[in-house]
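Heads up, model.txt below (compact mmCIF, C-alpha atoms and all ligand atoms):
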# COMPACT_ATOMS: atom_id res chain seq x y z
CA MET A 15 -3.43 0.06 -21.13
CA LYS A 16 -1.68 2.55 -23.37
CA ARG A 17 2.03 1.80 -23.23
CA ALA A 18 4.54 4.65 -23.31
CA ARG A 19 6.30 4.71 -26.66
CA THR A 20 10.01 4.66 -25.91
CA ALA A 21 13.14 5.35 -27.95
CA VAL A 22 16.48 3.92 -26.80
CA LEU A 23 19.78 5.57 -27.76
CA VAL A 24 22.82 3.30 -27.84
CA SER A 25 26.45 3.21 -28.94
CA GLY A 26 27.69 -0.29 -28.18
CA SER A 27 26.91 -3.73 -26.87
CA GLY A 28 23.38 -2.93 -25.75
CA SER A 29 23.04 -5.31 -22.84
CA ASN A 30 20.92 -2.71 -21.05
CA LEU A 31 18.84 -2.29 -24.19
CA GLN A 32 18.35 -6.07 -24.07
CA ALA A 33 17.10 -5.84 -20.49
CA LEU A 34 14.56 -3.22 -21.57
CA LEU A 35 13.49 -5.24 -24.62
CA ASP A 36 13.08 -8.35 -22.50
CA ALA A 37 10.98 -6.51 -19.92
CA ALA A 38 8.82 -4.92 -22.63
CA ARG A 39 7.98 -8.34 -24.07
CA ASP A 40 5.48 -8.61 -21.25
CA PRO A 41 2.32 -6.93 -22.56
CA GLY A 42 1.68 -5.71 -19.02
CA PHE A 43 4.91 -3.70 -19.02
CA PRO A 44 3.93 -0.01 -19.21
CA ALA A 45 6.47 0.94 -21.90
CA GLU A 46 7.21 -0.39 -25.37
CA VAL A 47 10.46 0.13 -27.25
CA VAL A 48 9.56 1.37 -30.73
CA LEU A 49 12.86 2.84 -31.92
CA VAL A 50 16.56 2.22 -31.31
CA ILE A 51 19.07 4.79 -32.54
CA SER A 52 22.81 4.20 -32.55
CA ASN A 53 25.46 6.78 -33.34
CA VAL A 54 27.78 3.90 -34.30
CA ALA A 55 27.06 1.52 -37.19
CA GLY A 56 27.40 -2.24 -36.80
CA VAL A 57 27.14 -2.43 -33.02
CA ARG A 58 25.62 -5.38 -31.22
CA ALA A 59 22.82 -3.20 -29.83
CA LEU A 60 21.41 -2.79 -33.35
CA GLU A 61 21.31 -6.57 -33.82
CA ARG A 62 19.53 -6.96 -30.52
CA ALA A 63 16.89 -4.43 -31.59
CA ARG A 64 16.40 -6.09 -34.97
CA SER A 65 16.02 -9.50 -33.35
CA ALA A 66 13.28 -8.02 -31.19
CA GLY A 67 11.58 -6.60 -34.27
CA VAL A 68 12.25 -2.99 -33.29
CA GLU A 69 13.00 -0.29 -35.86
CA THR A 70 16.64 0.81 -35.90
CA ARG A 71 18.42 3.91 -37.15
CA VAL A 72 22.08 4.82 -37.33
CA VAL A 73 22.88 8.51 -36.98
CA ASP A 74 26.64 8.95 -37.17
CA HIS A 75 27.54 12.04 -35.14
CA ARG A 76 30.62 12.57 -37.35
CA ARG A 77 28.34 13.59 -40.21
CA PHE A 78 27.29 16.71 -38.30
CA ASP A 79 29.10 20.01 -37.82
CA ASP A 80 28.03 20.44 -34.22
CA ARG A 81 26.09 18.84 -31.39
CA GLU A 82 22.99 20.92 -32.09
CA SER A 83 22.50 19.60 -35.60
CA PHE A 84 23.17 16.01 -34.49
CA ASP A 85 20.63 16.37 -31.70
CA THR A 86 18.11 17.99 -34.03
CA GLU A 87 18.30 14.91 -36.24
CA LEU A 88 17.85 12.60 -33.23
CA ALA A 89 14.96 14.66 -31.91
CA GLY A 90 13.24 14.55 -35.29
CA LEU A 91 13.38 10.76 -35.35
CA VAL A 92 12.19 10.40 -31.76
CA ARG A 93 9.35 12.86 -32.37
CA GLY A 94 8.52 11.21 -35.67
CA ARG A 95 7.88 7.92 -33.84
CA ASP A 96 5.79 9.75 -31.27
CA CYS A 97 7.97 8.68 -28.34
CA SER A 98 7.22 10.14 -24.94
CA ILE A 99 10.24 8.57 -23.22
CA VAL A 100 13.90 8.37 -24.26
CA CYS A 101 16.30 5.91 -22.62
CA LEU A 102 20.04 6.31 -22.92
CA ALA A 103 21.64 2.88 -22.72
CA GLY A 104 25.39 3.10 -23.14
CA PHE A 105 24.94 6.12 -25.43
CA MET A 106 28.36 7.77 -25.57
CA ARG A 107 27.33 11.26 -26.66
CA ILE A 108 26.38 14.19 -24.47
CA LEU A 109 22.96 15.57 -25.34
CA THR A 110 22.44 19.30 -25.74
CA ALA A 111 20.28 21.29 -23.35
CA GLY A 112 17.84 21.75 -26.23
CA PHE A 113 17.27 18.01 -26.63
CA VAL A 114 16.92 17.52 -22.88
CA ALA A 115 14.39 20.36 -22.67
CA ALA A 116 12.25 18.74 -25.37
CA TRP A 117 11.51 15.73 -23.10
CA PRO A 118 11.54 17.25 -19.61
CA ASP A 119 11.89 14.57 -16.91
CA ARG A 120 11.24 11.95 -19.61
CA ILE A 121 14.84 10.99 -20.46
CA LEU A 122 16.49 8.21 -18.44
CA ASN A 123 20.16 7.32 -18.28
CA ILE A 124 21.97 4.38 -16.68
CA HIS A 125 25.34 5.12 -15.13
CA PRO A 126 27.70 2.55 -13.61
CA SER A 127 28.35 4.25 -10.27
CA LEU A 128 26.43 5.33 -7.23
CA LEU A 129 25.87 8.92 -8.31
CA PRO A 130 26.66 11.60 -7.36
CA LEU A 131 29.94 9.73 -6.87
CA PHE A 132 32.02 9.17 -9.99
CA PRO A 133 30.21 10.88 -12.83
CA GLY A 134 31.93 10.55 -16.21
CA LEU A 135 34.14 7.72 -17.43
CA HIS A 136 36.25 4.95 -15.83
CA THR A 137 33.87 4.71 -12.90
CA HIS A 138 34.88 1.21 -11.81
CA GLN A 139 38.60 1.94 -11.65
CA ARG A 140 37.90 5.21 -9.85
CA ALA A 141 35.77 3.37 -7.26
CA LEU A 142 38.61 0.87 -6.73
CA ASP A 143 41.23 3.63 -6.54
CA ALA A 144 39.15 5.43 -3.93
CA GLY A 145 39.09 2.31 -1.78
CA MET A 146 35.30 2.04 -1.91
CA THR A 147 33.88 -1.07 -0.23
CA ILE A 148 30.61 -0.77 -2.11
CA ALA A 149 29.95 0.33 -5.66
CA GLY A 150 26.89 0.24 -7.85
CA CYS A 151 24.77 1.83 -10.53
CA THR A 152 22.18 4.56 -10.92
CA VAL A 153 19.25 5.25 -13.21
CA HIS A 154 18.52 8.95 -13.26
CA LEU A 155 16.49 11.47 -15.17
CA VAL A 156 18.70 13.38 -17.55
CA SER A 157 19.33 17.05 -16.92
CA ALA A 158 21.50 19.41 -18.90
CA ASP A 159 24.50 18.50 -16.69
CA LEU A 160 26.44 15.30 -17.29
CA ASP A 161 25.43 12.35 -15.09
CA ALA A 162 23.37 14.59 -12.89
CA GLY A 163 19.60 14.77 -12.61
CA PRO A 164 17.12 13.25 -10.19
CA ILE A 165 17.85 9.67 -9.15
CA VAL A 166 15.13 7.11 -9.91
CA ALA A 167 16.82 3.86 -8.87
CA GLN A 168 20.14 2.64 -7.55
CA ALA A 169 21.63 -0.71 -6.66
CA ALA A 170 24.79 -1.44 -4.71
CA VAL A 171 27.23 -4.33 -4.90
CA PRO A 172 30.17 -5.14 -2.62
CA VAL A 173 33.70 -4.48 -3.80
CA LEU A 174 35.48 -7.80 -3.26
CA PRO A 175 39.13 -8.47 -2.46
CA GLY A 176 41.16 -8.75 -5.65
CA ASP A 177 38.52 -6.98 -7.74
CA THR A 178 39.61 -5.54 -11.05
CA ALA A 179 37.65 -2.89 -12.90
CA GLU A 180 36.40 -5.65 -15.24
CA ARG A 181 35.19 -7.92 -12.46
CA LEU A 182 33.50 -5.08 -10.65
CA ALA A 183 31.91 -3.87 -13.89
CA ALA A 184 30.48 -7.33 -14.55
CA ARG A 185 28.97 -7.51 -11.07
CA ILE A 186 27.47 -4.04 -11.44
CA LEU A 187 26.10 -4.79 -14.91
CA VAL A 188 23.90 -7.54 -13.47
CA GLN A 189 22.31 -4.90 -11.26
CA GLU A 190 22.00 -2.42 -14.13
CA HIS A 191 19.88 -4.97 -15.97
CA ARG A 192 17.65 -5.24 -12.92
CA ILE A 193 17.10 -1.57 -12.12
CA TYR A 194 16.82 -0.11 -15.63
CA PRO A 195 13.56 -1.91 -16.49
CA LEU A 196 12.30 -1.10 -13.01
CA ALA A 197 12.99 2.62 -13.47
CA LEU A 198 11.46 2.68 -16.93
CA ALA A 199 8.35 0.95 -15.63
CA LEU A 200 8.00 3.50 -12.83
CA LEU A 201 8.37 6.44 -15.20
CA ALA A 202 6.09 4.98 -17.86
CA ALA A 203 3.41 4.18 -15.32
CA GLY A 204 3.41 7.80 -14.14
CA ARG A 205 4.72 6.89 -10.71
CA VAL A 206 7.66 9.30 -10.79
CA ARG A 207 7.28 12.88 -9.65
CA VAL A 208 10.13 15.36 -9.38
CA GLU A 209 10.20 17.86 -6.58
CA ASN A 210 13.15 20.06 -5.64
CA GLY A 211 15.43 18.04 -7.84
CA ARG A 212 14.52 14.74 -6.20
CA VAL A 213 12.33 11.91 -7.39
CA LEU A 214 9.32 11.04 -5.29
CA LEU A 215 7.45 7.82 -5.95
CA ASP A 216 3.71 7.66 -5.49
CA ALA A 217 4.03 4.60 -3.26
CA PRO A 218 6.80 2.42 -1.87
CA LEU A 219 7.92 -0.43 -4.10
CA PRO A 220 6.74 -3.88 -3.03
CA ASP A 221 10.30 -5.09 -2.43
CA PRO A 222 12.01 -2.53 -0.20
CA ASN A 223 15.40 -3.79 -1.36
CA GLN A 224 14.56 -2.45 -4.78
CA ALA A 225 13.24 0.83 -3.51
CA VAL A 226 15.73 3.49 -4.07
CA ALA A 227 13.87 6.62 -4.95
CA VAL A 228 12.20 8.12 -1.90
CA PRO A 229 8.52 7.18 -1.57
CA ASP A 230 6.31 10.18 -1.09
CA ARG A 231 4.62 9.61 2.24
CA ALA A 232 3.06 13.08 2.40
C1 LIG B 301 26.82 0.32 -18.97
O1 LIG B 301 27.74 0.03 -17.97
C2 LIG B 301 26.12 1.62 -18.69
O2 LIG B 301 25.93 1.84 -17.32
C3 LIG B 301 27.09 2.63 -19.24
O3 LIG B 301 27.60 2.04 -20.40
C4 LIG B 301 27.51 0.62 -20.30
C5 LIG B 301 26.71 0.17 -21.48
O4 LIG B 301 26.62 -1.22 -21.56
N1 LIG B 301 26.42 3.89 -19.44
P1 LIG B 301 25.58 -1.87 -22.57
O5 LIG B 301 25.84 -1.26 -23.94
O6 LIG B 301 24.20 -1.59 -22.07
O7 LIG B 301 25.92 -3.34 -22.55
For this file, write the structure as structure tokens.
Ligand code: GRF
Amino acid sequence: MKRARTAVLVSGSGSNLQALLDAARDPGFPAEVVLVISNVAGVRALERARSAGVETRVVDHRRFDDRESFDTELAGLVRGRDCSIVCLAGFMRILTAGFVAAWPDRILNIHPSLLPLFPGLHTHQRALDAGMTIAGCTVHLVSADLDAGPIVAQAAVPVLPGDTAERLAARILVQEHRIYPLALALLAAGRVRVENGRVLLDAPLPDPNQAVAVPDRA
């Protein structure tokens, strides 16, 4: 099996990166992480990549005059490692339309809300403020619009009495670590098709509780 060469872009702790690295340790996993790029030096995510023996790069966005030149540098690195998939894992920069167009339907992002609800920042507090009784996370294909793009996987958690944004975030993060490897595996295995802005899977997932993209029954 040829595994899909994958680059992961990070900015911080990298717990989602860790989930991807752990999944990719299995030689049967259809993707391998070959490059981790951070826009911030010294973050935990870089240590996690090094411990897994994965090449790391720091590209500080502040060195660049504009988003285009920053993204051109990123794209050069990703292309240089021959990556067919890019995963954003807590990457706190907005990619340009040019970068997104270079890997059409091949860039994944994890977002800590049930999109299309609560795109952007402070998702957990906004879910609490809205009186939501469930919250969750989404893995989606990246489009030129922020936190938009076809949904590949979602997981929901209950909002519990007395929840704070921190407690809710911790409960959601557990689910992020479950669905991100799942979504990457689906994409890498060629099981994700996009039609009319929606993801169709080639077949239902074995565990229907994990199935979140719509299986294509046509
Ligand atoms: C996660 O909550 C992710 O959904 C969001 O940023 C956070 C990153 O956490 N985009 P980590 O760096 O993966 O631990």
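The coordinates place atom CA of A:Gln189 at 22.8 Å from atom CA of A:Asp119.
Atom pair atom CA of A:Leu102 / atom CA of A:Leu122 has a distance of 6.0 Å (rounded to one decimal).
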- request: Check every protein, DNA and RNA residue against ligand LIG 301 (chain B), keep those with an atom at most 8 Å away (counting only C-alpha atoms and all ligand atoms), and present them as a list in words.
  value: Val24, Ser25, Gly26, Ser27, Gly28, Ser29, Asn30, Leu31, Gln32, Ala59, Leu102, Ala103, Gly104, Phe105, Met106, Asn123, Ile124, His125, Pro126, Ser127, Cys151, Thr152, Ala183, Ile186, Leu187 and Glu190 of chain A
message: So that I can see what lies close to A:Val114, please list as number ranges by chain the residues with an atom at most 10 Å from it, counting all atoms listed in the file and leaving out residues fewer than 2 positions away in the same chain.
response: A: 85, 89, 100, 109-112, 116-121, 155-159
Contact residues around A:Lys16 with all atoms listed in the file at 12 Å, ignoring same-chain residues under 3 positions, as number ranges by chain: A: 19, 41-46, 98, 202-204
Could those selected residues go to a file with C-alpha atoms, as a CSV table (one decimal), in the coordinates of the input?
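result.csv, freshly written:
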chain,number,residue,atom,x,y,z
A,19,ARG,CA,6.3,4.7,-26.7
A,41,PRO,CA,2.3,-6.9,-22.6
A,42,GLY,CA,1.7,-5.7,-19.0
A,43,PHE,CA,4.9,-3.7,-19.0
A,44,PRO,CA,3.9,0.0,-19.2
A,45,ALA,CA,6.5,0.9,-21.9
A,46,GLU,CA,7.2,-0.4,-25.4
A,98,SER,CA,7.2,10.1,-24.9
A,202,ALA,CA,6.1,5.0,-17.9
A,203,ALA,CA,3.4,4.2,-15.3
A,204,GLY,CA,3.4,7.8,-14.1
- request: Work out how far atom CA of A:Pro130 is from atom CA of A:Thr20, in Å to one decimal.
  value: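 Separation of atom CA of A:Thr20 and atom CA of A:Pro130: 25.9 Å.
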Centre and edges of the stretch 124-142 of chain A box, axis-aligned, 5 Å extra per side, as JSON:
{"center_x": 30.3, "center_y": 6.2, "center_z": -12.1, "size_x": 26.6, "size_y": 20.7, "size_z": 20.7}
- request: Using all atoms listed in the file, determine which residues lie at most 12 Å from A:Arg181, disregarding the query and same-chain residues fewer than 6 positions distant; provide the list as a PyMOL selection string.
  value: chain A and resi 138-139+142+149+171-175+187-188
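Among the candidates A:Leu129, A:Ile148, A:Leu35, A:Leu135, the one nearest to A:Leu49 when counting only C-alpha atoms is A:Leu35.
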message: Distance cut-off 8 Å, centre (17.8, 9.5, -10.7) in file coordinates, counting all atoms listed in the file: which residues qualify? Return them as a PyMOL selection string.
response: chain A and resi 122+152-156+162-168+212-213+227
message: Give me, as an MDAnalysis selection string, all polymer residues having an atom no more than 10 Å from A:Val47, counting only C-alpha atoms and skipping those fewer than 5 positions away in the same chain.
response: chainID A and resid 17:22 31 34:35 37:39 63 66:69 97 99:101
